[in-house]
file upload06.tsv (TSV, C-alpha atoms)
chain	number	residue	atom	x	y	z
A	1	MET	CA	-16.80	-0.72	8.08
A	2	LYS	CA	-18.12	2.76	8.67
A	3	SER	CA	-20.73	4.23	6.29
A	4	GLU	CA	-18.24	6.97	5.33
A	5	THR	CA	-15.67	4.37	4.25
A	6	LEU	CA	-18.26	2.54	2.17
A	7	ASP	CA	-19.32	5.84	0.56
A	8	GLU	CA	-15.70	6.79	-0.20
A	9	ILE	CA	-15.02	3.42	-1.90
A	10	LEU	CA	-18.16	3.73	-4.03
A	11	LYS	CA	-17.34	7.36	-4.91
A	12	ALA	CA	-13.84	6.30	-6.04
A	13	ARG	CA	-15.37	3.49	-8.10
A	14	ALA	CA	-17.76	5.92	-9.82
A	15	GLU	CA	-14.88	8.31	-10.56
A	16	ALA	CA	-12.54	5.49	-11.71
A	17	ARG	CA	-10.05	6.29	-8.93
A	18	ALA	CA	-7.96	3.66	-7.17
A	19	LEU	CA	-7.63	3.41	-3.40
A	20	VAL	CA	-6.54	1.01	-0.68
A	21	VAL	CA	-8.51	0.35	2.50
A	22	ALA	CA	-6.35	-0.61	5.48
A	23	THR	CA	-8.14	-2.61	8.22
A	24	ARG	CA	-6.52	-3.14	11.63
A	25	LEU	CA	-7.29	-6.78	12.32
A	26	SER	CA	-7.26	-6.42	16.11
A	27	ASP	CA	-10.32	-4.14	16.20
A	28	GLY	CA	-11.52	-3.43	12.66
A	29	ALA	CA	-10.41	0.21	12.61
A	30	GLN	CA	-10.08	1.38	9.00
A	31	ARG	CA	-8.19	4.01	7.05
A	32	ILE	CA	-8.13	4.86	3.37
A	33	VAL	CA	-4.55	4.96	2.12
A	34	ALA	CA	-2.76	5.52	-1.20
A	35	PRO	CA	-5.55	7.42	-2.94
A	36	ASP	CA	-4.78	8.24	-6.58
A	37	ALA	CA	-1.90	5.74	-6.52
A	38	GLN	CA	0.41	8.18	-4.72
A	39	ALA	CA	3.22	6.69	-2.63
A	40	GLY	CA	3.24	7.97	0.95
A	41	GLU	CA	5.77	8.18	3.76
A	42	SER	CA	4.68	5.72	6.43
A	43	THR	CA	5.21	1.95	6.38
A	44	LEU	CA	1.49	1.45	5.86
A	45	GLU	CA	1.32	3.96	3.00
A	46	ARG	CA	4.33	2.47	1.23
A	47	ALA	CA	2.91	-1.05	1.57
A	48	ALA	CA	-0.47	0.18	0.29
A	49	HIS	CA	1.19	1.73	-2.75
A	50	ALA	CA	2.98	-1.56	-3.53
A	51	ALA	CA	-0.28	-3.50	-3.08
A	52	LEU	CA	-2.02	-1.12	-5.49
A	53	LEU	CA	0.64	-1.39	-8.19
A	54	SER	CA	0.79	-5.19	-8.02
A	55	ASP	CA	-3.00	-5.41	-7.54
A	56	LYS	CA	-2.39	-7.84	-4.65
A	57	PRO	CA	-4.26	-7.34	-1.37
A	58	ARG	CA	-2.07	-8.41	1.57
A	59	THR	CA	-1.56	-8.36	5.33
A	60	VAL	CA	1.30	-6.18	6.63
A	61	GLU	CA	2.66	-5.33	10.05
A	62	ALA	CA	2.86	-1.64	10.89
A	63	ASP	CA	3.36	-0.03	14.30
A	64	GLY	CA	3.19	-3.46	15.94
A	65	GLU	CA	-0.25	-4.25	14.51
A	66	ASP	CA	-1.47	-6.45	11.64
A	67	TRP	CA	-3.27	-4.50	8.91
A	68	PHE	CA	-5.07	-5.96	5.92
A	69	LEU	CA	-4.67	-3.87	2.80
A	70	ASN	CA	-7.54	-4.35	0.35
A	71	VAL	CA	-7.04	-2.97	-3.13
A	72	PHE	CA	-9.84	-1.22	-5.00
A	73	ASN	CA	-8.19	-0.69	-8.35
A	74	THR	CA	-9.20	1.10	-11.52
A	75	PRO	CA	-10.26	-1.09	-14.46
A	76	LEU	CA	-7.58	-2.64	-16.68
A	77	ARG	CA	-7.38	-0.85	-20.02
A	78	LEU	CA	-5.59	-1.51	-23.29
A	79	ILE	CA	-5.06	1.20	-25.89
A	80	VAL	CA	-4.20	-0.06	-29.37
A	81	VAL	CA	-2.85	2.40	-31.94
A	82	GLY	CA	-3.43	1.06	-35.42
A	83	ALA	CA	-6.61	-0.71	-36.51
A	84	VAL	CA	-4.54	-3.30	-38.38
A	85	HIS	CA	-4.80	-7.07	-38.78
A	86	ILE	CA	-2.88	-7.83	-35.54
A	87	ALA	CA	-5.27	-5.51	-33.68
A	88	GLN	CA	-8.22	-7.60	-34.91
A	89	ALA	CA	-6.75	-10.55	-32.97
A	90	LEU	CA	-5.33	-8.59	-30.02
A	91	VAL	CA	-8.58	-6.78	-29.22
A	92	PRO	CA	-10.81	-9.83	-28.55
A	93	ALA	CA	-7.96	-11.63	-26.73
A	94	ALA	CA	-7.46	-8.64	-24.42
A	95	GLN	CA	-11.21	-8.35	-23.82
A	96	LEU	CA	-11.23	-12.02	-22.80
A	97	ALA	CA	-8.46	-11.24	-20.28
A	98	GLY	CA	-10.59	-8.46	-18.77
A	99	TYR	CA	-9.30	-5.32	-20.48
A	100	ALA	CA	-11.49	-2.45	-21.63
A	101	VAL	CA	-10.05	-1.78	-25.09
A	102	THR	CA	-9.85	1.40	-27.15
A	103	VAL	CA	-8.57	1.37	-30.73
A	104	ILE	CA	-7.06	4.60	-32.03
A	105	ASP	CA	-6.61	5.12	-35.76
A	106	PRO	CA	-7.30	8.35	-37.65
A	107	ARG	CA	-7.50	6.33	-40.88
A	108	THR	CA	-11.24	5.85	-40.90
A	109	ALA	CA	-11.10	3.08	-43.52
A	110	PHE	CA	-9.21	0.86	-41.04
A	111	ALA	CA	-10.96	1.68	-37.77
A	112	THR	CA	-14.53	0.66	-38.52
A	113	ALA	CA	-17.19	-0.88	-36.31
A	114	ASP	CA	-17.36	-3.78	-38.80
A	115	ARG	CA	-13.73	-4.69	-38.22
A	116	PHE	CA	-13.90	-3.98	-34.46
A	117	PRO	CA	-17.40	-4.80	-33.21
A	118	GLY	CA	-18.18	-3.69	-29.67
A	119	VAL	CA	-14.93	-1.75	-29.21
A	120	ALA	CA	-14.39	1.94	-28.42
A	121	ILE	CA	-12.83	3.52	-31.54
A	122	SER	CA	-11.17	6.92	-31.74
A	123	HIS	CA	-10.39	8.60	-35.06
A	124	ASP	CA	-8.51	11.43	-33.36
A	125	TRP	CA	-4.78	11.87	-33.87
A	126	PRO	CA	-3.05	9.43	-31.45
A	127	ASP	CA	-1.59	12.06	-29.07
A	128	GLU	CA	-4.94	13.85	-28.69
A	129	ALA	CA	-6.78	10.55	-28.32
A	130	MET	CA	-4.28	9.34	-25.70
A	131	GLU	CA	-4.50	12.55	-23.67
A	132	ALA	CA	-8.30	12.32	-23.66
A	133	LEU	CA	-8.09	8.76	-22.29
A	134	LYS	CA	-5.85	9.81	-19.35
A	135	PRO	CA	-3.88	6.53	-19.18
A	136	ASP	CA	-3.08	5.43	-15.60
A	137	HIS	CA	-1.07	2.68	-13.84
A	138	ARG	CA	-3.63	0.09	-14.99
A	139	THR	CA	-3.35	1.01	-18.69
A	140	ALA	CA	-1.29	-0.71	-21.40
A	141	LEU	CA	-0.47	0.74	-24.82
A	142	VAL	CA	0.48	-1.19	-27.96
A	143	THR	CA	1.38	0.70	-31.14
A	144	LEU	CA	0.90	-1.32	-34.32
A	145	THR	CA	0.88	1.07	-37.28
A	146	HIS	CA	4.60	0.87	-38.24
A	147	ASP	CA	4.16	4.54	-39.16
A	148	PRO	CA	6.19	6.98	-37.01
A	149	LYS	CA	3.69	9.72	-37.86
A	150	LEU	CA	0.99	7.75	-35.95
A	151	ASP	CA	2.98	5.64	-33.45
A	152	ASP	CA	5.35	8.33	-32.14
A	153	PRO	CA	2.74	10.84	-30.91
A	154	ALA	CA	1.11	8.04	-28.88
A	155	LEU	CA	4.49	6.99	-27.45
A	156	HIS	CA	5.27	10.59	-26.48
A	157	VAL	CA	2.13	10.78	-24.33
A	158	ALA	CA	2.70	7.26	-22.94
A	159	LEU	CA	6.27	8.03	-21.85
A	160	ARG	CA	4.97	10.99	-19.84
A	161	SER	CA	2.20	8.85	-18.22
A	162	PRO	CA	2.30	6.06	-15.61
A	163	LEU	CA	1.17	3.21	-17.91
A	164	PHE	CA	2.32	-0.21	-16.68
A	165	TYR	CA	3.11	-1.43	-20.20
A	166	ILE	CA	4.17	0.19	-23.45
A	167	GLY	CA	4.79	-2.02	-26.49
A	168	ALA	CA	5.68	-1.05	-30.05
A	169	LEU	CA	5.54	-3.30	-33.10
A	170	GLY	CA	8.57	-3.31	-35.37
A	171	SER	CA	11.86	-5.09	-35.90
A	172	THR	CA	15.02	-4.40	-33.92
A	173	ARG	CA	16.14	-2.17	-36.80
A	174	THR	CA	12.85	-0.26	-36.84
A	175	HIS	CA	13.12	0.16	-33.09
A	176	ALA	CA	16.68	1.53	-33.32
A	177	LYS	CA	15.37	4.29	-35.60
A	178	ARG	CA	12.49	4.89	-33.14
A	179	VAL	CA	14.95	5.20	-30.25
A	180	ALA	CA	16.92	7.77	-32.26
A	181	ARG	CA	13.77	9.82	-32.93
A	182	LEU	CA	12.66	9.68	-29.27
A	183	THR	CA	16.15	10.68	-28.11
A	184	GLU	CA	16.04	13.59	-30.56
A	185	ALA	CA	12.66	14.54	-29.04
A	186	GLY	CA	14.30	14.79	-25.60
A	187	PHE	CA	13.41	11.48	-23.93
A	188	THR	CA	16.08	9.88	-21.75
A	189	GLU	CA	17.47	6.38	-22.17
A	190	ALA	CA	15.62	5.22	-19.03
A	191	GLU	CA	12.33	6.60	-20.30
A	192	ILE	CA	12.75	4.97	-23.71
A	193	ALA	CA	13.66	1.67	-22.02
A	194	ARG	CA	10.03	1.42	-20.84
A	195	ILE	CA	9.08	0.49	-24.41
A	196	HIS	CA	8.88	-3.24	-25.11
A	197	ALA	CA	10.16	-3.64	-28.67
A	198	PRO	CA	10.08	-5.74	-30.70
A	199	VAL	CA	6.68	-6.27	-29.05
A	200	GLY	CA	5.66	-9.52	-27.35
A	201	LEU	CA	7.31	-12.50	-25.71
A	202	SER	CA	9.82	-14.37	-27.84
A	203	ILE	CA	7.74	-17.38	-28.89
A	204	ALA	CA	8.57	-17.30	-32.61
A	205	ALA	CA	5.11	-15.90	-33.32
A	206	SER	CA	4.43	-15.62	-37.01
A	207	THR	CA	0.77	-14.97	-37.83
A	208	PRO	CA	-1.13	-11.86	-36.67
A	209	ALA	CA	-3.01	-13.97	-34.09
A	210	GLU	CA	0.23	-15.46	-32.74
A	211	ILE	CA	1.79	-12.00	-32.44
A	212	ALA	CA	-1.33	-10.90	-30.57
A	213	ILE	CA	-0.96	-13.83	-28.16
A	214	ALA	CA	2.75	-13.13	-27.60
A	215	THR	CA	1.88	-9.48	-26.92
A	216	LEU	CA	-0.94	-10.23	-24.48
A	217	ALA	CA	1.30	-12.77	-22.70
A	218	GLN	CA	3.97	-10.08	-22.28
A	219	ILE	CA	1.40	-7.56	-20.99
A	220	THR	CA	0.16	-10.17	-18.49
A	221	SER	CA	3.69	-10.97	-17.36
A	222	VAL	CA	4.47	-7.30	-16.72
A	223	LEU	CA	1.12	-6.74	-14.95
A	224	ARG	CA	1.52	-9.73	-12.63
A	225	GLY	CA	5.23	-9.35	-12.02
A	226	GLY	CA	6.18	-12.52	-13.90
A	227	THR	CA	9.81	-13.34	-14.48
A	228	VAL	CA	9.59	-14.03	-18.22
A	229	ARG	CA	10.95	-11.11	-20.21
B	230	MET	CA	-17.79	-31.40	7.36
B	231	THR	CA	-19.59	-30.41	4.22
B	232	ASP	CA	-21.58	-27.26	3.87
B	233	THR	CA	-24.33	-27.41	1.29
B	234	THR	CA	-25.19	-23.72	1.23
B	235	THR	CA	-25.08	-22.55	-2.35
B	236	ASP	CA	-23.87	-19.14	-3.36
B	237	ASN	CA	-27.12	-17.50	-4.42
B	238	ASN	CA	-25.32	-14.80	-6.36
B	239	PRO	CA	-24.76	-15.87	-9.96
B	240	THR	CA	-21.86	-13.46	-10.29
B	241	GLY	CA	-19.62	-15.26	-7.81
B	242	GLY	CA	-16.55	-13.55	-9.21
B	243	THR	CA	-17.85	-10.07	-8.47
B	244	ALA	CA	-15.27	-7.37	-7.79
B	245	PRO	CA	-15.22	-6.16	-4.16
B	246	ALA	CA	-16.47	-2.69	-5.10
B	247	ASP	CA	-19.47	-4.29	-6.86
B	248	VAL	CA	-20.24	-6.26	-3.69
B	249	LEU	CA	-20.11	-3.03	-1.68
B	250	ALA	CA	-22.47	-1.35	-4.15
B	251	GLU	CA	-24.99	-4.11	-3.43
B	252	VAL	CA	-24.39	-3.68	0.33
B	253	ALA	CA	-25.14	0.06	-0.06
B	254	ARG	CA	-28.45	-0.79	-1.79
B	255	TRP	CA	-29.45	-3.07	1.10
B	256	ARG	CA	-28.71	-0.32	3.58
B	257	GLU	CA	-30.73	2.20	1.57
B	258	ALA	CA	-33.62	-0.29	1.79
B	259	GLY	CA	-33.30	-0.13	5.59
B	260	LYS	CA	-31.55	-3.47	6.12
B	261	ASP	CA	-28.48	-4.13	8.26
B	262	ALA	CA	-25.43	-5.50	6.50
B	263	ALA	CA	-22.04	-7.06	7.09
B	264	VAL	CA	-19.08	-7.74	4.83
B	265	ALA	CA	-16.70	-10.68	4.96
B	266	THR	CA	-13.28	-10.31	3.33
B	267	VAL	CA	-10.73	-13.02	2.51
B	268	ILE	CA	-7.58	-11.90	4.37
B	269	GLN	CA	-5.23	-14.76	3.63
B	270	THR	CA	-5.24	-18.11	1.87
B	271	TRP	CA	-3.13	-21.26	2.00
B	272	GLY	CA	-3.28	-24.18	-0.42
B	273	SER	CA	-5.83	-24.28	-3.21
B	274	ALA	CA	-8.31	-21.77	-1.82
B	275	PRO	CA	-10.83	-20.85	-4.52
B	276	ARG	CA	-11.00	-17.08	-3.87
B	277	GLN	CA	-8.00	-14.83	-3.48
B	278	ALA	CA	-7.24	-12.38	-0.68
B	279	GLY	CA	-9.43	-9.30	-1.03
B	280	SER	CA	-12.50	-11.21	-2.26
B	281	MET	CA	-15.66	-10.06	-0.52
B	282	LEU	CA	-19.02	-11.47	0.51
B	283	GLY	CA	-21.79	-9.07	1.46
B	284	ILE	CA	-24.52	-10.32	3.81
B	285	SER	CA	-27.83	-8.58	4.56
B	286	SER	CA	-29.87	-8.96	7.73
B	287	GLU	CA	-32.40	-10.86	5.61
B	288	GLY	CA	-29.79	-13.41	4.59
B	289	GLU	CA	-29.13	-12.10	1.10
B	290	LEU	CA	-25.62	-12.69	-0.26
B	291	ALA	CA	-23.48	-10.83	-2.83
B	292	GLY	CA	-20.08	-12.01	-4.03
B	293	SER	CA	-18.19	-14.85	-2.38
B	294	VAL	CA	-15.28	-15.77	-0.10
B	295	SER	CA	-15.02	-19.38	-1.29
B	296	GLY	CA	-16.54	-21.61	-3.91
B	297	GLY	CA	-19.65	-21.87	-1.74
B	298	CYS	CA	-18.09	-24.09	0.97
B	299	VAL	CA	-18.05	-21.67	3.90
B	300	GLU	CA	-20.61	-19.03	2.94
B	301	GLY	CA	-23.25	-20.63	5.19
B	302	ALA	CA	-21.00	-20.49	8.26
B	303	VAL	CA	-19.96	-16.92	7.45
B	304	LEU	CA	-23.63	-15.95	7.13
B	305	GLU	CA	-24.34	-17.26	10.66
B	306	GLU	CA	-21.41	-15.31	12.12
B	307	ALA	CA	-22.34	-12.21	10.13
B	308	LEU	CA	-25.90	-12.14	11.49
B	309	GLU	CA	-24.46	-12.27	15.02
B	310	ILE	CA	-21.90	-9.55	14.25
B	311	MET	CA	-24.70	-7.30	12.89
B	312	LYS	CA	-26.17	-7.44	16.43
B	313	THR	CA	-22.97	-7.06	18.48
B	314	GLY	CA	-21.07	-4.74	16.13
B	315	THR	CA	-17.82	-6.49	17.07
B	316	PRO	CA	-15.77	-7.70	14.08
B	317	LYS	CA	-14.32	-11.23	14.00
B	318	LEU	CA	-11.44	-12.98	12.28
B	319	LEU	CA	-12.45	-16.51	11.24
B	320	THR	CA	-10.31	-19.37	9.94
B	321	PHE	CA	-11.68	-22.16	7.77
B	322	GLY	CA	-9.79	-25.20	6.60
B	323	VAL	CA	-9.54	-28.95	6.59
B	324	SER	CA	-6.57	-29.03	8.91
B	325	ASP	CA	-8.05	-26.69	11.51
B	326	ASP	CA	-9.32	-28.25	14.72
B	327	GLU	CA	-11.11	-25.24	16.14
B	328	ALA	CA	-14.72	-25.76	17.12
B	329	TRP	CA	-16.39	-23.66	14.42
B	330	THR	CA	-14.30	-25.02	11.56
B	331	VAL	CA	-16.02	-25.80	8.30
B	332	GLY	CA	-14.02	-27.77	5.77
B	333	LEU	CA	-13.14	-26.43	2.36
B	334	ALA	CA	-13.82	-29.19	-0.13
B	335	CYS	CA	-10.79	-28.13	-2.14
B	336	GLY	CA	-8.39	-28.63	0.75
B	337	GLY	CA	-7.32	-25.02	1.25
B	338	THR	CA	-7.37	-22.83	4.34
B	339	ILE	CA	-8.68	-19.27	4.44
B	340	ARG	CA	-8.90	-16.47	7.00
B	341	VAL	CA	-11.98	-14.30	6.72
B	342	PHE	CA	-12.56	-10.96	8.44
B	343	VAL	CA	-16.22	-10.25	9.12
B	344	GLU	CA	-17.44	-6.76	10.07
B	345	LYS	CA	-20.71	-4.88	10.36
B	346	VAL	CA	-21.32	-2.02	7.95
B	347	GLY	CA	-22.40	1.30	9.44

call {"tool": "encode", "arguments": {"input": "upload06.tsv", "output": "structure tokens"}}
result
Amino acid sequence: MKSETLDEILKARAEARALVVATRLSDGAQRIVAPDAQAGESTLERAAHAALLSDKPRTVEADGEDWFLNVFNTPLRLIVVGAVHIAQALVPAAQLAGYAVTVIDPRTAFATADRFPGVAISHDWPDEAMEALKPDHRTALVTLTHDPKLDDPALHVALRSPLFYIGALGSTRTHAKRVARLTEAGFTEAEIARIHAPVGLSIAASTPAEIAIATLAQITSVLRGGTVR
Amino acid sequence: MTDTTTDNNPTGGTAPADVLAEVARWREAGKDAAVATVIQTWGSAPRQAGSMLGISSEGELAGSVSGGCVEGAVLEEALEIMKTGTPKLLTFGVSDDEAWTVGLACGGTIRVFVEKVG
């Protein structure tokens, strides 16, 4: 590994940028591919992009040579809108699974350091807070307020961003109304279909903690390409 | 064959970029360094593809490529590669008959690419 390659990896890490390093196994020649999670044209670039999205380093054949694609990804993040009871269970569970968590709730009585110790809290309006966080392909969003005034602005930003997971709490009936509002706001059916709602895997979860577990399980399944829907 | 070398880095699950940050610090201190990367695994290998072990010319280690089973053998190869500059692809596993094979206690097989840094 050349010094310049090492420097570029460390620079990307400092700037929270993702990249893939391709190593030709026959002689150790290296190239940096798929910076900023952009899909490229060549076989190697396309494979690198897939490796980045699935977070799975792999060996691929390109131009008659074996290349190892190592993935240097950005940190996993979870954004929770709504400092509610379910959030109090979802936040520590997600932290345990390796996510850096931010809780957004402009209602300062809910989003307190007492209720969410050691968590980044934003009291900004959800769309402003979301834009400031610049969600990427390693970010998940879960809206929990039940209040369209708070949930919808966050969903608007999320649907225009490359988040790997978007989940919204609420019954099938609540979601139908949400779909109508998002359609009215100009989002297409395909865009709206990115939202997992009702949120979480179907495990008959009942308590806030169980709903949190069902939600984190669904996020994990989407992240890792599981087959459970 | 059992290798008793222990992983002297308490953060054995370190992310590859964190390993490289440590490698950069060694180089700033004037030491040579090599990195070993898990390329492929079969069976119950303890560290996934992409996992990295950094090795300094003074024998310091950062990260891991196994649960401590093959780090000693990788260290030996890495010190040699720091001198020659020629990278090597190594295979470790219980079912491998090649001369330099070191067994993985867990029964898996791994391929490790070792290269000099700089």

call {"tool": "interface_residues", "arguments": {"input": "upload06.tsv", "of": "chain A", "to": "chain B", "cutoff": "8 Å", "atoms": "all atoms listed in the file", "output": "PyMOL selection string"}}
result
chain A and resi 1-3+6+9-10+13+25+27-28+56-59+68+70-72

call {"tool": "residues_around", "arguments": {"input": "upload06.tsv", "residues": "range 155-167 of chain A", "least_positions_apart": "6", "cutoff": "9 Å", "atoms": "all atoms listed in the file", "output": "PyMOL selection string"}}
result
chain A and resi 53+126-128+130-131+134-144+182+185+187+191-192+194-200+215+218-219+222-223

call {"tool": "residues_around", "arguments": {"input": "upload06.tsv", "residues": "Thr108 in chain A", "least_positions_apart": "4", "cutoff": "12 Å", "atoms": "all atoms listed in the file", "output": "list in words"}}
result
Gly82, Ala83, Val84, Val103, Ile104, Thr112, Ala113, Asp114, Arg115, Ile121, Ser122, His123, Asp124 and Trp125 of chain A

call {"tool": "write_last_selection", "arguments": {"input": "upload06.tsv", "atoms": "C-alpha atoms", "output": "PDB file, keeping the file's coordinate frame"}}
result
ATOM      1  CA  GLY A  82      -3.430   1.060 -35.420  1.00  0.00           C
ATOM      2  CA  ALA A  83      -6.610  -0.710 -36.510  1.00  0.00           C
ATOM      3  CA  VAL A  84      -4.540  -3.300 -38.380  1.00  0.00           C
ATOM      4  CA  VAL A 103      -8.570   1.370 -30.730  1.00  0.00           C
ATOM      5  CA  ILE A 104      -7.060   4.600 -32.030  1.00  0.00           C
ATOM      6  CA  THR A 112     -14.530   0.660 -38.520  1.00  0.00           C
ATOM      7  CA  ALA A 113     -17.190  -0.880 -36.310  1.00  0.00           C
ATOM      8  CA  ASP A 114     -17.360  -3.780 -38.800  1.00  0.00           C
ATOM      9  CA  ARG A 115     -13.730  -4.690 -38.220  1.00  0.00           C
ATOM     10  CA  ILE A 121     -12.830   3.520 -31.540  1.00  0.00           C
ATOM     11  CA  SER A 122     -11.170   6.920 -31.740  1.00  0.00           C
ATOM     12  CA  HIS A 123     -10.390   8.600 -35.060  1.00  0.00           C
ATOM     13  CA  ASP A 124      -8.510  11.430 -33.360  1.00  0.00           C
ATOM     14  CA  TRP A 125      -4.780  11.870 -33.870  1.00  0.00           C
TER      15      TRP A 125
END

call {"tool": "atom_distance", "arguments": {"input": "upload06.tsv", "atom1": "CA of Arg24 in chain A", "atom2": "CA of Asp66 in chain A"}}
result
6.0 Å

call {"tool": "atom_distance", "arguments": {"input": "upload06.tsv", "atom1": "CA of Pro117 in chain A", "atom2": "CA of Ala129 in chain A"}}
result
19.3 Å

call {"tool": "residues_around", "arguments": {"input": "upload06.tsv", "residues": "range 96-98 of chain A", "least_positions_apart": "6", "cutoff": "9 Å", "atoms": "only C-alpha atoms", "output": "compact mmCIF listing (two decimals) with C-alpha atoms, in the frame of the given file"}}
result
# COMPACT_ATOMS: atom_id res chain seq x y z
CA PRO A 75 -10.26 -1.09 -14.46
CA LEU A 76 -7.58 -2.64 -16.68
CA ARG A 77 -7.38 -0.85 -20.02
CA LEU A 216 -0.94 -10.23 -24.48
CA THR A 220 0.16 -10.17 -18.49

call {"tool": "atom_distance", "arguments": {"input": "upload06.tsv", "atom1": "CA of Thr172 in chain A", "atom2": "CA of Ala214 in chain A"}}
result
16.3 Å

call {"tool": "closest_residue", "arguments": {"input": "upload06.tsv", "among": "A:Ala89, A:Ala209, A:Val101, A:Ala111", "to": "Leu133 in chain A", "atoms": "all atoms listed in the file"}}
result
A:Val101

call {"tool": "closest_residue", "arguments": {"input": "upload06.tsv", "among": "A:Val20, A:Val91, A:Leu78, A:Ala154", "to": "Ala50 in chain A", "atoms": "only C-alpha atoms"}}
result
A:Val20

call {"tool": "closest_residue", "arguments": {"input": "upload06.tsv", "among": "B:Thr320, B:Arg254, B:Gly337, B:Ala307", "to": "Ile284 in chain B", "atoms": "all atoms listed in the file"}}
result
B:Ala307
